[in-house]
file run13.cif (mmCIF, C-alpha atoms)
data_data
#
loop_
_atom_site.label_atom_id
_atom_site.label_comp_id
_atom_site.auth_asym_id
_atom_site.auth_seq_id
_atom_site.Cartn_x
_atom_site.Cartn_y
_atom_site.Cartn_z
CA MET U 18 41.46 154.26 98.35
CA ASN U 19 39.56 151.01 98.61
CA ASN U 20 42.47 149.16 97.01
CA ASN U 21 44.82 150.43 99.70
CA ILE U 22 42.43 149.34 102.46
CA HIS U 23 42.09 145.85 100.92
CA ARG U 24 45.86 145.57 100.56
CA ARG U 25 46.42 146.61 104.19
CA ASN U 26 43.82 144.12 105.44
CA ALA U 27 45.45 141.34 103.40
CA ILE U 28 48.86 142.14 104.92
CA LEU U 29 47.37 142.13 108.43
CA ARG U 30 45.68 138.76 107.82
CA ARG U 31 48.92 137.29 106.44
CA ASN U 32 50.89 138.57 109.43
CA ALA U 33 48.30 137.16 111.79
CA VAL U 34 48.63 133.75 110.12
CA ILE U 35 52.44 133.91 110.41
CA VAL U 36 52.25 134.88 114.09
CA ALA U 37 49.80 132.06 114.76
CA ALA U 38 52.06 129.56 113.00
CA ILE U 39 55.06 130.72 114.99
CA ALA U 40 53.09 130.52 118.22
CA PHE U 41 51.92 127.01 117.31
CA ASN U 42 55.50 125.90 116.60
CA VAL U 43 56.71 127.35 119.91
CA VAL U 44 53.96 125.52 121.79
CA GLN U 45 54.81 122.28 119.98
CA GLU U 46 58.53 122.68 120.72
CA GLU U 47 57.84 123.37 124.39
CA SER U 48 55.58 120.34 124.52
CA THR U 49 58.26 118.16 122.88
CA ARG U 50 60.90 119.54 125.21
CA SER U 51 58.76 118.80 128.23
CA GLN U 52 58.27 115.27 126.93
CA ARG U 53 62.04 114.90 126.54
CA ARG U 54 62.60 116.00 130.11
CA LYS U 55 59.99 113.63 131.36
CA HIS U 56 62.74 111.08 132.05
CA TRP U 57 66.07 112.42 133.21
CA VAL U 58 67.40 108.83 133.18
CA ASN U 59 66.33 106.20 130.66
CA PRO U 60 63.87 103.80 132.36
CA TYR U 61 65.88 100.88 130.92
CA LEU U 62 68.97 102.08 132.76
CA ARG U 63 67.00 102.63 135.98
CA GLN U 64 66.48 98.85 136.22
CA ARG U 65 70.24 98.28 136.56
CA ALA U 66 70.08 97.11 140.18
CA GLU U 67 67.21 94.65 139.58
CA ARG U 68 67.84 93.33 136.07
CA GLY U 69 71.45 94.20 135.23
CA ARG U 70 73.95 91.44 134.44
CA TYR U 71 75.81 91.73 137.73
CA ALA U 72 72.57 91.44 139.73
CA LYS U 73 71.75 88.13 138.02
CA ASP U 74 75.18 86.42 138.18
CA ASN U 75 75.39 83.29 140.29
CA PRO U 76 78.47 81.64 141.82
CA GLU U 77 78.49 78.86 139.21
CA VAL U 78 79.25 81.22 136.33
CA PHE U 79 81.21 83.81 138.35
CA MET U 80 84.57 82.23 137.55
CA GLU U 81 83.58 81.98 133.88
CA ASN U 82 82.81 85.67 133.59
CA PHE U 83 85.56 87.18 135.73
CA HIS U 84 88.30 84.51 135.76
CA MET U 85 88.56 84.70 139.53
CA SER U 86 86.64 83.39 142.51
CA LEU U 87 84.17 85.52 144.47
CA THR U 88 86.58 85.58 147.41
CA ILE U 89 89.43 87.04 145.34
CA PHE U 90 86.99 89.45 143.65
CA ASN U 91 85.93 90.84 147.02
CA LYS U 92 89.56 91.08 148.12
CA LEU U 93 90.42 93.01 144.98
CA LEU U 94 87.38 95.23 145.48
CA GLY U 95 88.64 96.08 148.97
CA LEU U 96 91.87 97.37 147.44
CA LEU U 97 90.17 99.47 144.74
CA GLU U 98 86.96 100.66 146.40
CA ILE U 99 88.39 103.94 147.67
CA HIS U 100 89.35 104.87 144.08
CA LEU U 101 85.97 103.92 142.62
CA LEU U 102 83.64 105.83 144.95
CA PRO U 103 81.96 108.92 143.41
CA LYS U 104 83.42 112.25 144.43
CA ARG U 105 79.99 113.48 145.55
CA ASP U 106 77.09 111.26 146.53
CA THR U 107 74.31 113.25 144.88
CA ARG U 108 72.40 110.50 143.05
CA SER U 109 70.51 107.53 144.38
CA ASP U 110 71.12 105.50 141.21
CA ALA U 111 74.93 105.94 141.12
CA ILE U 112 76.87 102.92 139.87
CA PRO U 113 78.41 101.17 142.92
CA PRO U 114 82.15 100.31 142.97
CA LYS U 115 81.35 96.58 142.89
CA ALA U 116 79.44 96.93 139.62
CA LYS U 117 82.21 99.10 138.11
CA LEU U 118 84.83 96.47 138.89
CA ALA U 119 82.60 93.69 137.52
CA ILE U 120 82.05 95.58 134.26
CA VAL U 121 85.76 96.16 133.69
CA LEU U 122 86.84 92.63 134.67
CA GLN U 123 84.35 91.15 132.23
CA TYR U 124 85.52 93.56 129.55
CA LEU U 125 89.15 92.54 130.11
CA ALA U 126 88.28 88.84 130.32
CA SER U 127 86.05 88.73 127.24
CA GLY U 128 87.24 91.63 125.10
CA ASP U 129 83.58 92.35 124.40
CA ILE U 130 82.30 95.46 122.62
CA GLN U 131 81.68 98.28 125.09
CA ARG U 132 78.21 98.98 123.69
CA HIS U 133 77.18 95.37 124.34
CA LEU U 134 78.54 95.46 127.89
CA GLY U 135 76.62 98.68 128.51
CA SER U 136 73.37 97.05 127.43
CA VAL U 137 73.75 93.90 129.54
CA TYR U 138 74.82 95.84 132.63
CA ARG U 139 72.30 98.63 131.86
CA VAL U 140 74.91 101.38 131.84
CA SER U 141 74.94 104.12 129.21
CA LYS U 142 77.46 103.70 126.40
CA GLN U 143 78.96 107.10 127.23
CA ARG U 144 79.66 106.01 130.80
CA ILE U 145 81.22 102.63 129.97
CA GLY U 146 84.41 104.15 128.53
CA VAL U 147 84.86 106.40 131.58
CA ILE U 148 84.41 103.43 133.93
CA ILE U 149 86.98 101.34 132.03
CA ASP U 150 89.49 104.19 132.17
CA ASN U 151 88.95 104.84 135.90
CA VAL U 152 89.08 101.21 136.99
CA CYS U 153 92.17 100.41 134.90
CA SER U 154 93.88 103.48 136.37
CA ALA U 155 93.02 102.24 139.87
CA LEU U 156 94.36 98.77 139.04
CA CYS U 157 97.63 100.26 137.79
CA VAL U 158 98.03 102.26 141.01
CA MET U 159 97.04 99.61 143.55
CA LEU U 160 98.74 96.62 141.89
CA LYS U 161 101.96 98.31 140.82
CA ASN U 162 103.89 96.41 143.51
CA GLU U 163 102.96 93.13 141.79
CA VAL U 164 105.98 93.83 139.56
CA PRO U 165 108.80 93.86 142.13
CA ARG U 166 111.88 96.01 141.84
CA TRP U 167 115.04 94.38 140.55
CA SER U 168 117.35 93.61 143.46
CA LYS U 169 120.02 91.03 144.22
CA VAL U 170 117.65 89.07 146.46
CA ASN U 171 114.89 88.96 143.84
CA MET U 172 117.28 88.04 141.03
CA GLN U 173 118.77 85.24 143.09
CA SER U 174 115.26 83.94 143.72
CA TYR U 175 114.45 84.07 139.98
CA ALA U 176 117.68 82.19 139.15
CA ASP U 177 116.99 79.49 141.76
CA LYS U 178 113.50 78.91 140.33
CA TYR U 179 114.80 78.68 136.77
CA PHE U 180 117.44 76.15 137.75
CA GLU U 181 114.98 74.15 139.84
CA LYS U 182 112.21 73.99 137.20
CA TRP U 183 114.00 74.35 133.88
CA ASN U 184 117.54 73.19 134.72
CA PHE U 185 119.21 76.26 133.25
CA PRO U 186 121.76 77.93 135.56
CA ASN U 187 122.31 81.63 136.29
CA CYS U 188 119.15 82.70 134.42
CA VAL U 189 117.17 85.52 136.06
CA GLY U 190 114.41 85.73 133.45
CA ALA U 191 113.33 85.42 129.82
CA ILE U 192 112.71 88.45 127.63
CA ASP U 193 110.48 88.93 124.59
CA GLY U 194 107.95 91.32 123.06
CA LYS U 195 104.27 91.16 122.14
CA HIS U 196 102.13 93.20 119.78
CA VAL U 197 98.67 94.27 120.92
CA ALA U 198 96.42 95.54 118.14
CA ILE U 199 94.83 98.97 118.53
CA LYS U 200 92.76 101.22 116.32
CA ALA U 201 94.98 103.48 114.25
CA PRO U 202 95.08 106.95 115.89
CA HIS U 203 94.33 109.98 113.72
CA ASN U 204 97.28 111.44 111.81
CA CYS U 205 99.69 108.83 113.20
CA GLY U 206 101.06 107.75 109.83
CA SER U 207 102.91 104.47 110.07
CA ALA U 208 104.28 104.99 113.60
CA PHE U 209 102.07 102.28 115.11
CA TYR U 210 102.10 100.03 112.02
CA ASN U 211 104.12 96.86 112.63
CA TYR U 212 105.44 94.06 110.44
CA LYS U 213 102.37 91.93 111.16
CA GLY U 214 100.17 94.35 109.26
CA PHE U 215 98.18 96.13 111.96
CA ASN U 216 98.53 99.16 114.20
CA SER U 217 99.76 98.21 117.63
CA ILE U 218 101.64 99.03 120.76
CA VAL U 219 104.53 96.80 121.80
CA MET U 220 104.99 95.19 125.19
CA ALA U 221 108.57 94.20 126.01
CA VAL U 222 108.55 91.90 129.03
CA CYS U 223 111.03 90.07 131.21
CA ASP U 224 109.55 87.09 132.96
CA ALA U 225 110.42 84.55 135.63
CA ASP U 226 108.05 81.71 136.55
CA TYR U 227 105.19 83.07 134.34
CA LYS U 228 105.13 86.36 136.26
CA PHE U 229 106.04 89.63 134.62
CA THR U 230 109.05 91.16 136.35
CA PHE U 231 109.53 94.04 133.92
CA LEU U 232 106.99 95.86 131.74
CA GLU U 233 107.52 98.44 129.00
CA ILE U 234 104.15 99.24 127.45
CA GLY U 235 103.26 101.98 125.00
CA ALA U 236 106.04 101.94 122.40
CA TYR U 237 105.30 102.33 118.70
CA GLY U 238 104.42 99.15 116.84
CA SER U 239 106.88 100.00 114.08
CA GLU U 240 109.76 99.59 116.55
CA GLY U 241 111.37 96.20 117.08
CA ASP U 242 111.74 94.34 120.36
CA MET U 243 115.40 95.26 120.77
CA HIS U 244 114.75 98.94 119.99
CA VAL U 245 112.05 99.10 122.66
CA PHE U 246 114.22 97.29 125.20
CA SER U 247 117.37 99.31 124.55
CA HIS U 248 115.49 102.62 124.92
CA SER U 249 113.88 101.69 128.25
CA ASP U 250 115.59 102.56 131.54
CA PHE U 251 115.79 98.89 132.49
CA GLY U 252 117.22 97.90 129.13
CA LYS U 253 119.86 100.62 129.25
CA ALA U 254 120.91 99.46 132.72
CA VAL U 255 121.13 95.80 131.58
CA LEU U 256 123.12 96.55 128.43
CA ALA U 257 125.48 98.89 130.31
CA ASP U 258 125.79 96.33 133.17
CA CYS U 259 124.69 98.93 135.71
CA LEU U 260 122.21 96.73 137.61
CA GLU U 261 123.38 95.07 140.81
CA PHE U 262 123.26 91.42 139.78
CA PRO U 263 124.22 88.68 142.25
CA GLU U 264 127.84 87.62 142.42
CA ASP U 265 128.99 85.38 139.57
CA LYS U 266 128.25 81.71 140.18
CA PRO U 267 130.76 78.99 139.20
CA ILE U 268 129.75 76.65 136.37
CA ASN U 269 132.27 73.92 135.62
CA GLY U 270 134.56 75.82 137.94
CA VAL U 271 134.30 79.02 135.88
CA PRO U 272 132.58 82.10 137.39
CA ILE U 273 129.68 82.93 135.08
CA PRO U 274 127.56 86.11 135.46
CA TYR U 275 123.77 86.01 135.88
CA PHE U 276 121.86 86.89 132.72
CA LEU U 277 118.55 87.13 130.84
CA ILE U 278 117.71 84.77 127.99
CA GLY U 279 116.21 85.91 124.70
CA ASP U 280 115.82 85.03 121.04
CA ASP U 281 117.73 86.27 117.98
CA ALA U 282 116.12 89.71 118.24
CA PHE U 283 118.44 90.51 121.16
CA PRO U 284 122.24 90.78 121.11
CA LEU U 285 124.60 88.33 122.76
CA CYS U 286 126.25 90.18 125.63
CA LYS U 287 127.34 89.67 129.20
CA ARG U 288 123.81 90.00 130.59
CA ILE U 289 121.80 88.53 127.69
CA MET U 290 122.18 84.95 126.49
CA LYS U 291 120.80 83.78 123.13
CA PRO U 292 120.95 80.50 121.15
CA TYR U 293 123.50 79.56 118.53
CA LYS U 294 122.39 80.41 115.02
CA GLY U 295 123.19 78.77 111.72
CA ARG U 296 122.33 75.58 109.87
CA SER U 297 125.44 73.49 110.46
CA LEU U 298 125.37 73.29 114.26
CA SER U 299 126.99 70.52 116.24
CA GLU U 300 124.98 68.19 118.48
CA GLU U 301 126.29 69.99 121.56
CA GLU U 302 125.16 73.37 120.20
CA LEU U 303 121.73 71.99 119.26
CA LYS U 304 121.35 70.57 122.74
CA PHE U 305 122.27 73.93 124.24
CA ASN U 306 119.69 75.65 122.00
CA TYR U 307 117.06 73.15 123.16
CA ARG U 308 117.81 73.73 126.84
CA LEU U 309 117.83 77.50 126.41
CA SER U 310 114.55 77.42 124.44
CA ARG U 311 113.07 75.14 127.11
CA ALA U 312 113.79 77.82 129.70
CA ARG U 313 112.82 80.72 127.40
CA ARG U 314 109.38 79.29 126.68
CA CYS U 315 108.30 80.64 130.09
CA ILE U 316 107.80 84.04 128.50
CA GLU U 317 105.81 82.47 125.65
CA ASN U 318 103.67 80.66 128.23
CA ALA U 319 103.20 83.91 130.14
CA PHE U 320 101.94 85.65 127.01
CA GLY U 321 99.73 82.65 126.24
CA ILE U 322 98.13 82.71 129.68
CA LEU U 323 97.69 86.48 129.42
CA SER U 324 95.89 86.20 126.06
CA ALA U 325 93.73 83.27 127.20
CA LYS U 326 92.61 84.83 130.48
CA TRP U 327 92.35 88.48 129.45
CA MET U 328 91.08 88.36 125.89
CA ALA U 329 91.03 92.14 125.57
CA VAL U 330 94.70 91.89 124.54
CA GLN U 331 93.71 89.47 121.76
CA ARG U 332 91.16 91.81 120.18
CA THR U 333 91.72 95.16 118.53
CA LEU U 334 91.39 97.84 121.21
CA LEU U 335 89.08 100.52 119.82
CA CYS U 336 90.39 103.35 121.95
CA HIS U 337 93.12 105.94 122.12
CA PRO U 338 96.71 104.66 122.75
CA GLU U 339 96.77 106.17 126.26
CA ARG U 340 93.73 104.16 127.34
CA ALA U 341 95.02 101.07 125.52
CA GLN U 342 98.22 101.35 127.51
CA LYS U 343 96.24 101.36 130.77
CA ILE U 344 94.20 98.34 129.67
CA VAL U 345 97.26 96.25 128.75
CA THR U 346 99.09 97.25 131.95
CA ALA U 347 96.04 96.34 134.05
CA CYS U 348 95.87 92.89 132.40
CA CYS U 349 99.56 92.20 133.11
CA LEU U 350 99.25 93.30 136.73
CA LEU U 351 96.11 91.20 137.17
CA GLN U 352 98.02 88.18 135.88
CA ASN U 353 100.73 88.64 138.51
CA TYR U 354 98.07 89.21 141.17
CA MET U 355 96.17 86.05 140.25
CA LEU U 356 99.34 83.94 140.03
CA ARG U 357 100.11 85.02 143.58
CA GLU U 358 96.59 84.57 144.96
CA ASP U 359 95.45 81.41 143.14
CA PRO U 360 98.16 80.08 140.77
CA LYS U 361 96.77 76.58 140.29
CA GLU U 362 93.23 77.61 139.34
CA TYR U 363 94.31 80.64 137.31
CA SER U 364 96.92 79.09 135.03
CA ASN U 365 95.62 75.49 134.90
CA ARG U 366 99.11 74.50 133.94
CA ILE U 367 101.09 71.32 134.44
CA ASP U 368 104.60 72.20 135.45
CA ALA U 369 107.50 70.38 133.94
CA GLU U 370 108.87 67.50 135.91
CA VAL U 371 111.32 68.83 138.46
CA VAL U 372 114.72 67.26 137.91
CA VAL U 373 117.45 67.78 140.47
CA VAL U 374 120.70 68.74 138.77
CA SER U 375 123.81 69.57 140.72
CA THR U 376 126.32 72.13 139.52
CA PRO U 377 129.82 70.66 139.28
CA VAL U 378 132.51 72.48 141.25
CA ASN U 379 135.63 71.33 139.44
CA ARG U 380 138.04 74.08 138.55
CA GLY U 381 138.13 75.47 135.04
CA GLN U 382 140.36 77.89 133.25
CA ALA U 383 139.75 81.62 133.59
CA PHE U 384 138.83 83.59 130.48
CA ARG U 385 141.70 85.12 128.55
CA GLY U 386 140.89 87.11 125.47
CA ARG U 387 139.13 90.18 124.09
CA HIS U 388 136.32 91.72 126.08
CA LEU U 389 133.93 91.37 123.11
CA ASP U 390 134.55 87.59 123.05
CA TYR U 391 133.54 87.09 126.68
CA PRO U 392 129.78 86.48 125.94
CA LYS U 393 130.74 83.73 123.49
CA TYR U 394 133.00 82.23 126.14
CA MET U 395 130.08 82.27 128.59
CA ARG U 396 127.84 80.52 126.06
CA ASN U 397 130.45 77.86 125.34
CA THR U 398 130.87 77.23 129.07
CA LEU U 399 127.11 76.82 129.45
CA LYS U 400 127.09 74.54 126.40
CA ASP U 401 129.70 72.31 128.05
CA PHE U 402 127.67 72.25 131.24
CA VAL U 403 124.34 71.23 129.67
CA ASN U 404 126.16 68.49 127.72
CA SER U 405 127.86 67.11 130.81
CA GLU U 406 126.71 64.02 132.69
CA ALA U 407 125.93 66.11 135.77
CA ALA U 408 123.34 68.18 133.88
CA LYS U 409 121.84 65.32 131.87
CA LEU U 410 118.05 65.04 132.02
CA PRO U 411 116.29 61.64 132.28
CA TRP U 412 114.90 61.77 128.71
CA GLU U 413 118.15 62.87 127.10
#
call {"tool": "encode", "arguments": {"input": "run13.cif", "output": "structure tokens"}}
result
Amino acid sequence: MNNNIHRRNAILRRNAVIVAAIAFNVVQEESTRSQRRKHWVNPYLRQRAERGRYAKDNPEVFMENFHMSLTIFNKLLGLLEIHLLPKRDTRSDAIPPKAKLAIVLQYLASGDIQRHLGSVYRVSKQRIGVIIDNVCSALCVMLKNEVPRWSKVNMQSYADKYFEKWNFPNCVGAIDGKHVAIKAPHNCGSAFYNYKGFNSIVMAVCDADYKFTFLEIGAYGSEGDMHVFSHSDFGKAVLADCLEFPEDKPINGVPIPYFLIGDDAFPLCKRIMKPYKGRSLSEEELKFNYRLSRARRCIENAFGILSAKWMAVQRTLLCHPERAQKIVTACCLLQNYMLREDPKEYSNRIDAEVVVVSTPVNRGQAFRGRHLDYPKYMRNTLKDFVNSEAAKLPWE
């Protein structure tokens, strides 16, 4: 009997100890939880307005950080502000549109790590990615008209500029591709893996006067330049000769169509001109290749300016391909915008010496032969023109 009483008392004492321990743990957890909720926003982030990077910038380093003047920054902000305002104004410490634009412009200009940008601007690392996505989307929407539509008037303007600056007739733009490195997406295999050895998206671009006049961004890195171009709507229209180009212009008395210029990655056709290839080229053919390459380097310069000013396209983009596509598109549109607003300060380039060359109007023989041989006939006619006295440059 006594043993049963002692056993029951021992069980009661043990249960009391367990209940007390549970109660103590609950109190401790509630205390810890209350301490966690003591600050809904990290005090470090609360000092964004007083000690954040944007609050401390001065005009002397503004151009360094954002690659644009304060005047152009404010003008750009006026275009984007309506897209950057919060949907509901429920917080007093909301990030203002001006700070959002500053964060993204510095990210695009420097290619810095998002975590580092979040610390210097005192914005949480979770929010930085959302801000970059939203601002780049707004840039793509508001600056989309910086890439004009292809029309006869625009193409004639492009051709006039090419002939004025680079002394190459009937050229409406140069075409090439660029690889932008991105982090390999999950389960993508080798779709984004290119010949340079990294995962990337490809940007096929047609350019006139350092401005992008056609953009195709988001193709797989494993695809070549010609494959990307030929599968785009613009490329299909060019190759099928469905675009409304200006009327053929006489060169040496022979009507020659307007065309794009490219490298060996693209085919020689009526609307695409490429250099002669081979080792045993004549002096006339080498001179033609030089003049074509001299005009085609505009696209190389455009890519060079893009990489120098917006270094995000130089670094590996550690984000999903959809966001990477927005980032690259925003950089290209910003380049066109800056070349329109402040071309001298933005590009810091020295244009080639402008040489006035007149197009001879003597009559030539019309083409007679197979349709497939017509592009070669065009190239030979252009070769004769650039080797003529009328088209001779002072240093040649």
call {"tool": "atom_distance", "arguments": {"input": "run13.cif", "atom1": "atom CA of U:Gly135", "atom2": "atom CA of U:Leu334"}}
result
16.5 Å
call {"tool": "residues_around", "arguments": {"input": "run13.cif", "residues": "stretch 191-194 of chain U", "least_positions_apart": "6", "cutoff": "10 Å", "atoms": "only C-alpha atoms", "output": "ChimeraX atom specification"}}
result
/U:179,219-227,229-234,241-243,245-246,276-280,282-283,289-290,309-310,312-317,320
call {"tool": "resolve_selection", "arguments": {"input": "run13.cif", "expression": "the PyMOL selection byres ((chain U and resi 207-210) around 10)", "output": "list of chain:residue names"}}
result
U:Ala198, U:Ile199, U:Lys200, U:Ala201, U:Pro202, U:Asn204, U:Cys205, U:Gly206, U:Asn211, U:Tyr212, U:Lys213, U:Gly214, U:Phe215, U:Asn216, U:Ser217, U:Ile218, U:Val219, U:Gly235, U:Ala236, U:Tyr237, U:Gly238, U:Ser239, U:Glu240, U:Pro338
call {"tool": "write_last_selection", "arguments": {"input": "run13.cif", "atoms": "C-alpha atoms", "output": "CSV table (one decimal), keeping the file's coordinate frame"}}
result
chain,number,residue,atom,x,y,z
U,198,ALA,CA,96.4,95.5,118.1
U,199,ILE,CA,94.8,99.0,118.5
U,200,LYS,CA,92.8,101.2,116.3
U,201,ALA,CA,95.0,103.5,114.2
U,202,PRO,CA,95.1,107.0,115.9
U,204,ASN,CA,97.3,111.4,111.8
U,205,CYS,CA,99.7,108.8,113.2
U,206,GLY,CA,101.1,107.8,109.8
U,211,ASN,CA,104.1,96.9,112.6
U,212,TYR,CA,105.4,94.1,110.4
U,213,LYS,CA,102.4,91.9,111.2
U,214,GLY,CA,100.2,94.4,109.3
U,215,PHE,CA,98.2,96.1,112.0
U,216,ASN,CA,98.5,99.2,114.2
U,217,SER,CA,99.8,98.2,117.6
U,218,ILE,CA,101.6,99.0,120.8
U,219,VAL,CA,104.5,96.8,121.8
U,235,GLY,CA,103.3,102.0,125.0
U,236,ALA,CA,106.0,101.9,122.4
U,237,TYR,CA,105.3,102.3,118.7
U,238,GLY,CA,104.4,99.2,116.8
U,239,SER,CA,106.9,100.0,114.1
U,240,GLU,CA,109.8,99.6,116.6
U,338,PRO,CA,96.7,104.7,122.8
call {"tool": "residues_around", "arguments": {"input": "run13.cif", "residues": "stretch 259-271 of chain U", "least_positions_apart": "5", "cutoff": "12 Å", "atoms": "all atoms listed in the file", "output": "ChimeraX atom specification"}}
result
/U:166-177,185-189,250-254,276-277,287-288,375-384,394-408
call {"tool": "residues_around", "arguments": {"input": "run13.cif", "residues": "U:Pro114", "least_positions_apart": "5", "cutoff": "7 Å", "atoms": "all atoms listed in the file", "output": "PyMOL selection string"}}
result
chain U and resi 98+101-102
call {"tool": "write_last_selection", "arguments": {"input": "run13.cif", "atoms": "C-alpha atoms", "output": "compact mmCIF listing (two decimals), in the coordinates of the input"}}
result
# COMPACT_ATOMS: atom_id res chain seq x y z
CA GLU U 98 86.96 100.66 146.40
CA LEU U 101 85.97 103.92 142.62
CA LEU U 102 83.64 105.83 144.95
call {"tool": "atom_distance", "arguments": {"input": "run13.cif", "atom1": "atom CA of U:Ala347", "atom2": "atom CA of U:Leu156"}}
result
5.8 Å
call {"tool": "residues_around", "arguments": {"input": "run13.cif", "residues": "U:Leu97", "least_positions_apart": "4", "cutoff": "12 Å", "atoms": "all atoms listed in the file", "output": "JSON, numbers by chain"}}
result
{"U": [90, 91, 92, 93, 101, 102, 114, 115, 117, 118, 119, 151, 152, 153, 154, 155, 156, 157, 158, 159, 160]}
call {"tool": "resolve_selection", "arguments": {"input": "run13.cif", "expression": "the PyMOL selection byres ((chain U and resi 126-134) around 7)", "output": "list in words"}}
result
Phe83, His84, Leu122, Gln123, Tyr124, Leu125, Gly135, Ser136, Val137, Tyr138, Lys142, Ile145, Lys326, Trp327, Met328, Ala329 and Arg332 of chain U
call {"tool": "atom_distance", "arguments": {"input": "run13.cif", "atom1": "atom CA of U:Asn162", "atom2": "atom CA of U:Ala325"}}
result
23.3 Å
call {"tool": "closest_residue", "arguments": {"input": "run13.cif", "among": "U:His337, U:Ile89, U:Val197, U:Asp390", "to": "U:Arg357", "atoms": "only C-alpha atoms"}}
result
U:Ile89
